[in-house]
>>> print(open('query.tsv').read())   # TSV, C-alpha atoms
chain	number	residue	atom	x	y	z
A	1	MET	CA	-31.26	-4.90	19.22
A	2	SER	CA	-28.14	-5.20	17.14
A	3	ALA	CA	-26.96	-8.28	15.29
A	4	PHE	CA	-24.29	-8.62	17.96
A	5	GLY	CA	-26.92	-8.40	20.68
A	6	TYR	CA	-28.97	-11.27	19.19
A	7	ALA	CA	-25.91	-13.39	18.57
A	8	TYR	CA	-24.46	-12.94	22.05
A	9	ARG	CA	-27.78	-13.54	23.74
A	10	LEU	CA	-28.23	-16.84	21.90
A	11	PHE	CA	-24.59	-17.93	21.77
A	12	PRO	CA	-22.33	-16.27	24.35
A	13	LEU	CA	-19.24	-17.63	22.62
A	14	THR	CA	-20.03	-16.05	19.24
A	15	ILE	CA	-16.82	-14.83	17.65
A	16	ALA	CA	-18.09	-13.44	14.36
A	17	VAL	CA	-21.28	-11.89	13.11
A	18	LEU	CA	-22.41	-10.04	10.02
A	19	HIS	CA	-23.10	-6.39	10.79
A	20	PRO	CA	-26.32	-4.96	9.27
A	21	LYS	CA	-24.09	-2.70	7.12
A	22	GLY	CA	-22.64	-5.82	5.51
A	23	VAL	CA	-19.33	-5.89	7.41
A	24	LEU	CA	-18.09	-9.08	9.04
A	25	LEU	CA	-17.23	-8.26	12.65
A	26	VAL	CA	-14.81	-10.63	14.36
A	27	SER	CA	-14.59	-10.60	18.15
A	28	VAL	CA	-11.14	-11.21	19.65
A	29	ASN	CA	-11.89	-10.59	23.34
A	30	ARG	CA	-14.50	-9.14	25.67
A	31	SER	CA	-14.38	-7.66	29.13
A	32	ALA	CA	-16.53	-5.80	31.63
A	33	SER	CA	-16.53	-2.12	30.74
A	34	VAL	CA	-14.67	0.14	33.14
A	35	GLU	CA	-16.34	3.28	31.87
A	36	ALA	CA	-19.91	2.02	31.93
A	37	PRO	CA	-20.60	-0.48	34.78
A	38	GLY	CA	-23.09	-3.19	33.89
A	39	THR	CA	-22.02	-3.31	30.27
A	40	VAL	CA	-19.60	-5.52	28.38
A	41	ASP	CA	-17.06	-4.30	25.80
A	42	VAL	CA	-16.66	-6.70	22.88
A	43	HIS	CA	-13.28	-6.03	21.32
A	44	LEU	CA	-13.28	-6.59	17.58
A	45	LEU	CA	-10.54	-7.37	15.14
A	46	PHE	CA	-8.85	-4.21	13.75
A	47	GLY	CA	-9.36	-2.22	16.91
A	48	ARG	CA	-13.10	-1.52	17.06
A	49	THR	CA	-15.12	-2.03	20.20
A	50	PHE	CA	-18.82	-2.75	20.58
A	51	ARG	CA	-20.56	-2.17	23.92
A	52	LEU	CA	-23.41	-4.43	25.10
A	53	ASP	CA	-25.70	-4.00	28.10
A	54	ASP	CA	-26.61	-6.86	30.45
A	55	ARG	CA	-29.43	-7.96	28.13
A	56	GLY	CA	-27.03	-8.33	25.26
A	57	GLN	CA	-28.35	-5.19	23.62
A	58	GLY	CA	-25.85	-3.25	21.53
A	59	LEU	CA	-25.43	0.25	22.89
A	60	MET	CA	-22.74	1.92	20.88
A	61	GLU	CA	-19.54	1.49	18.99
A	62	THR	CA	-16.84	3.29	20.86
A	63	GLU	CA	-13.21	4.33	20.47
A	64	SER	CA	-12.83	5.71	23.98
A	65	THR	CA	-12.06	2.35	25.59
A	66	HIS	CA	-8.74	2.34	23.72
A	67	ILE	CA	-7.37	5.18	25.84
A	68	GLY	CA	-5.27	3.63	28.61
A	69	SER	CA	-4.50	4.92	32.10
A	70	ILE	CA	-1.53	7.02	30.87
A	71	GLY	CA	-3.74	8.81	28.37
A	72	VAL	CA	-2.35	7.06	25.30
A	73	ASP	CA	-4.25	5.09	22.67
A	74	THR	CA	-3.43	1.47	23.56
A	75	ARG	CA	-3.57	0.38	19.92
A	76	LYS	CA	-0.93	2.93	18.98
A	77	LEU	CA	1.10	2.02	22.06
A	78	GLY	CA	0.96	-1.65	21.04
A	79	MET	CA	2.10	-0.77	17.54
A	80	TRP	CA	5.06	1.23	18.84
A	81	VAL	CA	6.07	-1.62	21.17
A	82	PHE	CA	5.99	-3.92	18.14
A	83	LEU	CA	8.10	-1.39	16.22
A	84	ALA	CA	10.53	-1.32	19.18
A	85	SER	CA	11.02	-5.07	18.73
A	86	GLU	CA	11.63	-4.42	15.03
A	87	ILE	CA	14.15	-1.71	15.94
A	88	MET	CA	15.99	-4.28	18.06
A	89	PHE	CA	15.89	-6.80	15.22
A	90	PHE	CA	17.31	-4.47	12.58
A	91	SER	CA	19.73	-2.83	15.03
A	92	GLY	CA	21.11	-6.29	15.76
A	93	LEU	CA	21.57	-6.99	12.06
A	94	ILE	CA	23.13	-3.59	11.36
A	95	GLY	CA	25.36	-3.90	14.44
A	96	SER	CA	26.54	-7.31	13.22
A	97	TYR	CA	27.27	-5.81	9.80
A	98	ILE	CA	29.39	-3.02	11.34
A	99	VAL	CA	31.34	-5.47	13.52
A	100	LEU	CA	31.93	-7.91	10.64
A	101	ARG	CA	33.02	-5.11	8.35
A	102	PHE	CA	35.54	-3.77	10.88
A	103	ALA	CA	36.85	-7.30	11.39
A	104	ASN	CA	37.34	-7.85	7.63
A	105	LEU	CA	38.44	-4.41	6.40
A	106	GLU	CA	41.26	-5.79	4.24
A	107	VAL	CA	38.98	-8.08	2.20
A	108	TRP	CA	35.86	-5.90	2.16
A	109	PRO	CA	35.10	-4.65	-1.36
A	110	VAL	CA	34.16	-1.05	-2.19
A	111	PRO	CA	30.34	-1.38	-2.50
A	112	SER	CA	30.16	0.68	-5.70
A	113	THR	CA	32.39	-1.87	-7.47
A	114	VAL	CA	29.89	-4.66	-6.78
A	115	LEU	CA	26.48	-3.02	-6.42
A	116	ASN	CA	24.37	-0.95	-8.81
A	117	ILE	CA	24.23	2.38	-6.93
A	118	PRO	CA	22.19	4.45	-9.48
A	119	LEU	CA	19.48	1.76	-9.63
A	120	THR	CA	19.27	1.60	-5.84
A	121	ALA	CA	19.20	5.40	-5.58
A	122	VAL	CA	16.10	5.32	-7.80
A	123	ASN	CA	14.65	2.62	-5.55
A	124	THR	CA	15.31	4.78	-2.49
A	125	PHE	CA	13.49	7.66	-4.15
A	126	ILE	CA	10.56	5.33	-4.94
A	127	LEU	CA	10.25	4.34	-1.27
A	128	ILE	CA	10.40	7.99	-0.16
A	129	CYS	CA	7.61	8.80	-2.67
A	130	SER	CA	5.52	5.90	-1.32
A	131	SER	CA	5.79	7.25	2.23
A	132	ALA	CA	4.72	10.70	1.01
A	133	ALA	CA	1.73	9.18	-0.82
A	134	LEU	CA	0.66	7.34	2.32
A	135	VAL	CA	0.80	10.37	4.63
A	136	LEU	CA	-1.23	12.34	2.10
A	137	GLY	CA	-3.79	9.48	2.11
A	138	LEU	CA	-3.93	9.59	5.92
A	139	SER	CA	-4.23	13.37	5.85
A	140	SER	CA	-7.14	13.02	3.40
A	141	ILE	CA	-9.16	10.65	5.60
A	142	GLN	CA	-8.47	12.87	8.64
A	143	ARG	CA	-10.30	15.60	6.71
A	144	GLY	CA	-13.03	13.18	5.62
A	145	TYR	CA	-11.92	12.61	1.99
A	146	LYS	CA	-12.14	8.88	1.45
A	147	GLU	CA	-11.20	9.12	-2.23
A	148	GLY	CA	-7.96	10.83	-1.25
A	149	LEU	CA	-7.22	7.96	1.12
A	150	GLN	CA	-7.86	5.40	-1.61
A	151	VAL	CA	-5.64	7.21	-4.12
A	152	GLY	CA	-2.86	7.50	-1.51
A	153	LEU	CA	-3.11	3.81	-0.60
A	154	LEU	CA	-3.18	2.68	-4.22
A	155	LEU	CA	-0.13	4.80	-5.08
A	156	THR	CA	1.73	3.42	-2.05
A	157	ILE	CA	0.90	-0.18	-3.01
A	158	LEU	CA	2.07	0.40	-6.60
A	159	LEU	CA	5.29	2.10	-5.51
A	160	GLY	CA	5.97	-0.64	-2.94
A	161	THR	CA	5.48	-3.29	-5.63
A	162	LEU	CA	7.79	-1.35	-7.97
A	163	PHE	CA	10.43	-1.25	-5.21
A	164	LEU	CA	10.22	-5.03	-4.79
A	165	SER	CA	10.37	-5.59	-8.56
A	166	ILE	CA	13.54	-3.50	-8.83
A	167	GLN	CA	15.05	-5.38	-5.89
A	168	VAL	CA	14.33	-8.71	-7.61
A	169	LYS	CA	15.98	-7.35	-10.80
A	170	GLU	CA	18.99	-6.23	-8.74
A	171	TYR	CA	19.26	-9.68	-7.10
A	172	ARG	CA	19.09	-11.42	-10.49
A	173	GLU	CA	21.88	-9.25	-11.90
A	174	LEU	CA	24.09	-9.70	-8.83
A	175	ILE	CA	23.63	-13.49	-8.77
A	176	HIS	CA	24.27	-13.61	-12.52
A	177	ASP	CA	27.58	-11.78	-11.88
A	178	GLY	CA	28.56	-14.35	-9.23
A	179	PHE	CA	27.75	-12.23	-6.16
A	180	THR	CA	25.66	-14.55	-3.97
A	181	ILE	CA	24.86	-15.03	-0.28
A	182	SER	CA	27.70	-17.57	-0.03
A	183	SER	CA	30.30	-15.86	-2.22
A	184	SER	CA	31.77	-13.66	0.54
A	185	ILE	CA	31.08	-12.21	3.98
A	186	PHE	CA	29.88	-9.02	2.24
A	187	GLY	CA	27.48	-11.09	0.13
A	188	SER	CA	26.17	-12.81	3.23
A	189	CYS	CA	25.59	-9.49	5.02
A	190	PHE	CA	24.11	-7.82	1.93
A	191	PHE	CA	21.54	-10.50	1.14
A	192	THR	CA	20.59	-11.00	4.80
A	193	LEU	CA	19.98	-7.30	5.43
A	194	THR	CA	18.27	-6.45	2.14
A	195	GLY	CA	16.38	-9.78	2.14
A	196	PHE	CA	14.84	-9.18	5.56
A	197	HIS	CA	14.03	-5.62	4.57
A	198	GLY	CA	12.42	-6.84	1.33
A	199	ALA	CA	10.32	-9.32	3.33
A	200	HIS	CA	9.12	-6.42	5.47
A	201	VAL	CA	8.24	-4.40	2.37
A	202	PHE	CA	6.27	-7.39	1.05
A	203	ALA	CA	4.39	-7.69	4.36
A	204	GLY	CA	3.72	-3.94	4.24
A	205	VAL	CA	2.32	-4.16	0.71
A	206	VAL	CA	0.00	-7.02	1.75
A	207	TRP	CA	-1.15	-5.02	4.79
A	208	LEU	CA	-1.81	-1.95	2.64
A	209	ILE	CA	-3.81	-4.04	0.15
A	210	VAL	CA	-6.04	-5.18	3.04
A	211	VAL	CA	-6.46	-1.58	4.23
A	212	PHE	CA	-7.19	-0.48	0.65
A	213	ALA	CA	-9.91	-3.16	0.34
A	214	LEU	CA	-11.40	-2.13	3.71
A	215	SER	CA	-11.44	1.51	2.64
A	216	PHE	CA	-14.32	0.72	0.26
A	217	GLY	CA	-16.51	-0.19	3.26
A	218	PRO	CA	-17.69	1.97	6.15
A	219	ARG	CA	-14.66	1.23	8.31
A	220	PHE	CA	-12.71	4.47	7.80
A	221	SER	CA	-14.04	7.97	8.26
A	222	ARG	CA	-13.02	11.40	9.48
A	223	ASP	CA	-13.20	10.11	13.08
A	224	GLN	CA	-12.08	6.49	12.55
A	225	TYR	CA	-8.77	6.03	10.78
A	226	CYS	CA	-6.71	4.02	13.27
A	227	GLY	CA	-6.28	1.12	10.81
A	228	VAL	CA	-4.70	3.46	8.26
A	229	GLU	CA	-2.46	5.03	10.90
A	230	MET	CA	-1.16	1.65	12.10
A	231	ALA	CA	-0.37	0.44	8.58
A	232	GLY	CA	1.26	3.82	7.94
A	233	LEU	CA	3.49	3.55	11.01
A	234	TYR	CA	4.73	0.16	9.81
A	235	TRP	CA	5.32	1.39	6.26
A	236	HIS	CA	7.24	4.49	7.36
A	237	PHE	CA	9.35	2.34	9.66
A	238	VAL	CA	10.25	0.12	6.70
A	239	ASP	CA	11.15	3.28	4.76
A	240	LEU	CA	13.28	4.50	7.67
A	241	VAL	CA	15.19	1.20	7.81
A	242	TRP	CA	15.90	1.43	4.08
A	243	ILE	CA	17.31	4.94	4.52
A	244	ILE	CA	19.87	3.53	6.95
A	245	LEU	CA	20.56	0.40	4.87
A	246	PHE	CA	21.08	2.41	1.68
A	247	THR	CA	23.73	4.50	3.41
A	248	ILE	CA	25.68	1.78	5.20
A	249	LEU	CA	25.43	-0.97	2.54
A	250	TYR	CA	25.65	0.98	-0.69
A	251	LEU	CA	27.35	4.33	-0.03
A	252	ILE	CA	29.86	3.78	2.77
B	1	MET	CA	-9.41	22.01	19.09
B	2	SER	CA	-11.32	23.21	16.05
B	3	ASP	CA	-10.99	21.56	12.66
B	4	VAL	CA	-9.08	24.55	11.32
B	5	GLU	CA	-6.55	24.29	14.14
B	6	ALA	CA	-6.26	20.53	13.57
B	7	VAL	CA	-5.46	21.08	9.90
B	8	ARG	CA	-2.92	23.80	10.76
B	9	LYS	CA	-1.20	21.49	13.23
B	10	ARG	CA	-0.56	18.85	10.55
B	11	PRO	CA	3.06	18.69	9.46
B	12	ASN	CA	4.23	20.09	6.15
B	13	TYR	CA	4.40	16.71	4.39
B	14	ALA	CA	5.50	18.19	1.06
B	15	GLY	CA	8.34	20.04	2.79
B	16	VAL	CA	9.48	16.80	4.45
B	17	PHE	CA	9.30	14.98	1.10
B	18	TRP	CA	11.49	17.55	-0.69
B	19	SER	CA	13.92	17.60	2.25
B	20	LEU	CA	14.28	13.80	1.99
B	21	PHE	CA	14.76	14.10	-1.78
B	22	ILE	CA	17.47	16.76	-1.46
B	23	LEU	CA	19.24	14.91	1.37
B	24	THR	CA	19.33	11.72	-0.77
B	25	ILE	CA	20.96	13.65	-3.63
B	26	LEU	CA	23.45	15.18	-1.18
B	27	GLU	CA	24.26	11.67	0.08
B	28	ILE	CA	25.07	10.42	-3.42
B	29	ILE	CA	27.22	13.51	-4.10
B	30	ALA	CA	29.00	13.11	-0.74
B	31	ALA	CA	29.71	9.43	-1.41
B	32	ASN	CA	31.55	10.37	-4.62
B	33	THR	CA	33.67	13.22	-3.28
B	34	PRO	CA	37.47	12.70	-3.11
B	35	PHE	CA	37.77	13.84	0.52
B	36	ALA	CA	39.19	11.72	3.34
B	37	LYS	CA	37.24	8.49	3.93
B	38	VAL	CA	36.50	9.36	7.57
B	39	LEU	CA	35.04	12.74	6.61
B	40	VAL	CA	32.84	11.15	3.92
B	41	VAL	CA	31.59	8.43	6.29
B	42	VAL	CA	30.76	10.93	9.04
B	43	THR	CA	28.92	13.15	6.53
B	44	LEU	CA	26.94	10.19	5.18
B	45	VAL	CA	25.97	9.00	8.66
B	46	ILE	CA	24.80	12.51	9.65
B	47	LEU	CA	22.75	12.82	6.44
B	48	ALA	CA	21.18	9.37	6.97
B	49	LEU	CA	20.30	10.20	10.59
B	50	MET	CA	18.73	13.49	9.44
B	51	LYS	CA	16.59	11.61	6.92
B	52	ALA	CA	15.62	8.93	9.46
B	53	GLY	CA	14.76	11.69	11.96
B	54	LEU	CA	12.51	13.46	9.45
B	55	VAL	CA	10.61	10.24	8.72
B	56	ALA	CA	10.21	9.35	12.41
B	57	LEU	CA	9.29	12.85	13.62
B	58	TYR	CA	6.93	13.92	10.84
B	59	TYR	CA	5.73	10.91	8.81
B	60	MET	CA	5.42	8.71	11.93
B	61	HIS	CA	4.18	11.74	13.92
B	62	LEU	CA	6.61	11.09	16.77
B	63	LYS	CA	7.02	14.85	17.20
B	64	PHE	CA	3.35	15.14	18.13
B	65	GLU	CA	3.19	12.11	20.45
B	66	LYS	CA	3.62	11.82	24.21
B	67	TYR	CA	7.01	11.20	25.86
B	68	VAL	CA	6.26	7.47	26.36
B	69	PHE	CA	6.73	6.88	22.62
B	70	TYR	CA	10.20	8.49	22.73
B	71	VAL	CA	11.09	6.16	25.61
B	72	ILE	CA	9.91	3.12	23.63
B	73	VAL	CA	12.06	4.12	20.63
B	74	PHE	CA	15.11	5.38	22.53
B	75	PHE	CA	15.94	2.38	24.73
B	76	PRO	CA	16.13	-0.30	22.00
B	77	LEU	CA	18.40	2.03	20.02
B	78	LEU	CA	20.58	2.72	23.06
B	79	LEU	CA	20.92	-1.01	23.82
B	80	ALA	CA	21.79	-1.76	20.19
B	81	VAL	CA	24.51	0.93	20.19
B	82	ILE	CA	25.94	-0.39	23.48
B	83	LEU	CA	25.97	-3.94	22.07
B	84	THR	CA	27.78	-2.87	18.90
B	85	VAL	CA	30.33	-0.69	20.71
B	86	LEU	CA	31.14	-3.44	23.22
B	87	VAL	CA	31.66	-6.06	20.50
B	88	LEU	CA	33.75	-3.60	18.48
B	89	ALA	CA	35.90	-2.98	21.57
B	90	ASP	CA	37.08	-6.57	21.28
B	91	LYS	CA	38.38	-5.84	17.78
B	92	ALA	CA	39.99	-2.56	18.89
B	93	ILE	CA	41.83	-4.28	21.77
B	94	ALA	CA	42.94	-7.14	19.53
>>> encode(input="query.tsv", output="structure tokens")
Amino acid sequence: MSAFGYAYRLFPLTIAVLHPKGVLLVSVNRSASVEAPGTVDVHLLFGRTFRLDDRGQGLMETESTHIGSIGVDTRKLGMWVFLASEIMFFSGLIGSYIVLRFANLEVWPVPSTVLNIPLTAVNTFILICSSAALVLGLSSIQRGYKEGLQVGLLLTILLGTLFLSIQVKEYRELIHDGFTISSSIFGSCFFTLTGFHGAHVFAGVVWLIVVFALSFGPRFSRDQYCGVEMAGLYWHFVDLVWIILFTILYLI
Amino acid sequence: MSDVEAVRKRPNYAGVFWSLFILTILEIIAANTPFAKVLVVVTLVILALMKAGLVALYYMHLKFEKYVFYVIVFFPLLLAVILTVLVLADKAIA
């Protein structure tokens, strides 16, 4: 009987248990299994599922329960729905920027006279490199190379941190030159858009650090890499948003 | 699908990376050309959309996903464009 089996038999409300392999498994929900009647699926944090029979005995760890009725992985579907809400959020901000700019054309400065374009172009390149590093990491674990995944994740984390450092330097220089969030409508738009994006980059770096730490355990393998894929989707989305912001804020 | 086929199906990540790199350089060049402002803006928007498309289709694997993911992405974008155009119409009429 598995550790989960013992725990659930003794305490049906158990939410966390130490797996024999040394991994802390945290249960977020459980439901009667559709695929195997008479068994219960215990849904764990980070998308894993553990199946128990009616005696509380652990049967298997399975990924198949994540495939919904339309034949799509529900974890990935959930992530894309979350990204759709993020698309709405940034589209709203960018739409507001466009409307405000059209309404204030006569007082709107040429961005290159205020902002440091070469520095930001380098920052854009850094973010593009980080996305490339992450997809190569994902590609590595899909072929079973865990070291490749770890190198890809580490590079992405370092490049993301470098991006944030350069953004902080840019902010310091701009504020020193008198360009602040309250100095003009352009300043307000600029700091709001880049600030929210920077917050997303920070969240992405934290997420990738967690994934990097988990990659040293048994969580990811050739057949189980959903956690990497989800973090990757978020990171690439943040990269995509920057591509748009760089064009409309700095170049146009 | 065999492992070999799975590997073959993976996108050319390096090709996408160099495309993004070249498109970024083209953007910076386009932004500094002395052509008419409208022409420059249209060029920059097209280049940015090409880059965003490359990231979404290949790095986010949208090209290899089912139609439901396109629906999820398309409608928020459509609504955002409608919102912006309608608010801009107020300015155009004024």
>>> closest_residue(input="query.tsv", among="A:Gly232, A:Gly160, A:Pro218, A:Pro111", to="chain B", atoms="all atoms listed in the file")
A:Gly232
>>> closest_residue(input="query.tsv", among="A:Thr74, A:Thr113, A:Ser221, A:Ser91", to="chain B", atoms="all atoms listed in the file")
A:Ser91
>>> residues_around(input="query.tsv", residues="region 135-140 of chain A", least_positions_apart="5", cutoff="12 Å", atoms="only C-alpha atoms", output="ChimeraX atom specification")
/A:128-130,145-157,208,211-212,215,220-233,235-236 /B:6-14,16-17,55,58-61
>>> atom_distance(input="query.tsv", atom1="CA of Val241 (chain A)", atom2="CA of Asp177 (chain A)")
26.6 Å
>>> interface_residues(input="query.tsv", of="chain B", to="chain A", cutoff="8 Å", atoms="only C-alpha atoms", output="short mmCIF file (atom, residue, chain, number, x, y, z; two decimals) with C-alpha atoms, in the coordinates of the input")
data_model
loop_
_atom_site.label_atom_id
_atom_site.label_comp_id
_atom_site.auth_asym_id
_atom_site.auth_seq_id
_atom_site.Cartn_x
_atom_site.Cartn_y
_atom_site.Cartn_z
CA VAL B 7 -5.46 21.08 9.90
CA TYR B 13 4.40 16.71 4.39
CA ALA B 14 5.50 18.19 1.06
CA PHE B 17 9.30 14.98 1.10
CA LEU B 20 14.28 13.80 1.99
CA PHE B 21 14.76 14.10 -1.78
CA THR B 24 19.33 11.72 -0.77
CA GLU B 27 24.26 11.67 0.08
CA ILE B 28 25.07 10.42 -3.42
CA ALA B 31 29.71 9.43 -1.41
CA VAL B 41 31.59 8.43 6.29
CA LEU B 44 26.94 10.19 5.18
CA VAL B 45 25.97 9.00 8.66
CA ALA B 48 21.18 9.37 6.97
CA LEU B 49 20.30 10.20 10.59
CA LYS B 51 16.59 11.61 6.92
CA ALA B 52 15.62 8.93 9.46
CA VAL B 55 10.61 10.24 8.72
CA ALA B 56 10.21 9.35 12.41
CA TYR B 59 5.73 10.91 8.81
CA MET B 60 5.42 8.71 11.93
CA LYS B 66 3.62 11.82 24.21
CA PHE B 69 6.73 6.88 22.62
CA ILE B 72 9.91 3.12 23.63
CA VAL B 73 12.06 4.12 20.63
CA PRO B 76 16.13 -0.30 22.00
CA LEU B 77 18.40 2.03 20.02
CA ALA B 80 21.79 -1.76 20.19
CA VAL B 81 24.51 0.93 20.19
CA LEU B 83 25.97 -3.94 22.07
CA THR B 84 27.78 -2.87 18.90
CA VAL B 87 31.66 -6.06 20.50
CA LEU B 88 33.75 -3.60 18.48
CA LYS B 91 38.38 -5.84 17.78
#
>>> atom_distance(input="query.tsv", atom1="CA of Leu159 (chain A)", atom2="CA of Gly204 (chain A)")
11.6 Å
>>> atom_distance(input="query.tsv", atom1="CA of Phe202 (chain A)", atom2="CA of Ile22 (chain B)")
26.7 Å
>>> decode(input="query.tsv", residues="region 78-90 of chain B", atoms="N, CA and C atoms", output="compact mmCIF listing (two decimals), in the first residue's frame")
# COMPACT_ATOMS: atom_id res chain seq x y z
N LEU B 78 -10.31 39.99 -30.53
CA LEU B 78 -11.36 40.63 -31.32
C LEU B 78 -12.11 41.66 -30.48
N LEU B 79 -12.47 41.27 -29.25
CA LEU B 79 -13.21 42.19 -28.37
C LEU B 79 -12.38 43.42 -28.04
N ALA B 80 -11.07 43.21 -27.82
CA ALA B 80 -10.19 44.33 -27.50
C ALA B 80 -10.10 45.30 -28.68
N VAL B 81 -10.01 44.76 -29.91
CA VAL B 81 -9.94 45.61 -31.10
C VAL B 81 -11.24 46.39 -31.26
N ILE B 82 -12.38 45.71 -31.07
CA ILE B 82 -13.68 46.38 -31.17
C ILE B 82 -13.77 47.53 -30.16
N LEU B 83 -13.36 47.24 -28.92
CA LEU B 83 -13.39 48.26 -27.86
C LEU B 83 -12.58 49.48 -28.26
N THR B 84 -11.35 49.24 -28.73
CA THR B 84 -10.46 50.35 -29.08
C THR B 84 -11.02 51.15 -30.26
N VAL B 85 -11.49 50.45 -31.29
CA VAL B 85 -12.01 51.14 -32.47
C VAL B 85 -13.23 51.99 -32.10
N LEU B 86 -14.12 51.44 -31.28
CA LEU B 86 -15.32 52.19 -30.90
C LEU B 86 -14.97 53.44 -30.10
N VAL B 87 -14.00 53.32 -29.19
CA VAL B 87 -13.62 54.50 -28.39
C VAL B 87 -12.91 55.52 -29.28
N LEU B 88 -12.10 55.02 -30.23
CA LEU B 88 -11.41 55.93 -31.15
C LEU B 88 -12.41 56.66 -32.05
N ALA B 89 -13.53 56.01 -32.36
CA ALA B 89 -14.54 56.62 -33.22
C ALA B 89 -15.04 57.91 -32.60
N ASP B 90 -15.12 57.96 -31.30
CA ASP B 90 -15.54 59.17 -30.59
C ASP B 90 -14.60 60.33 -30.93
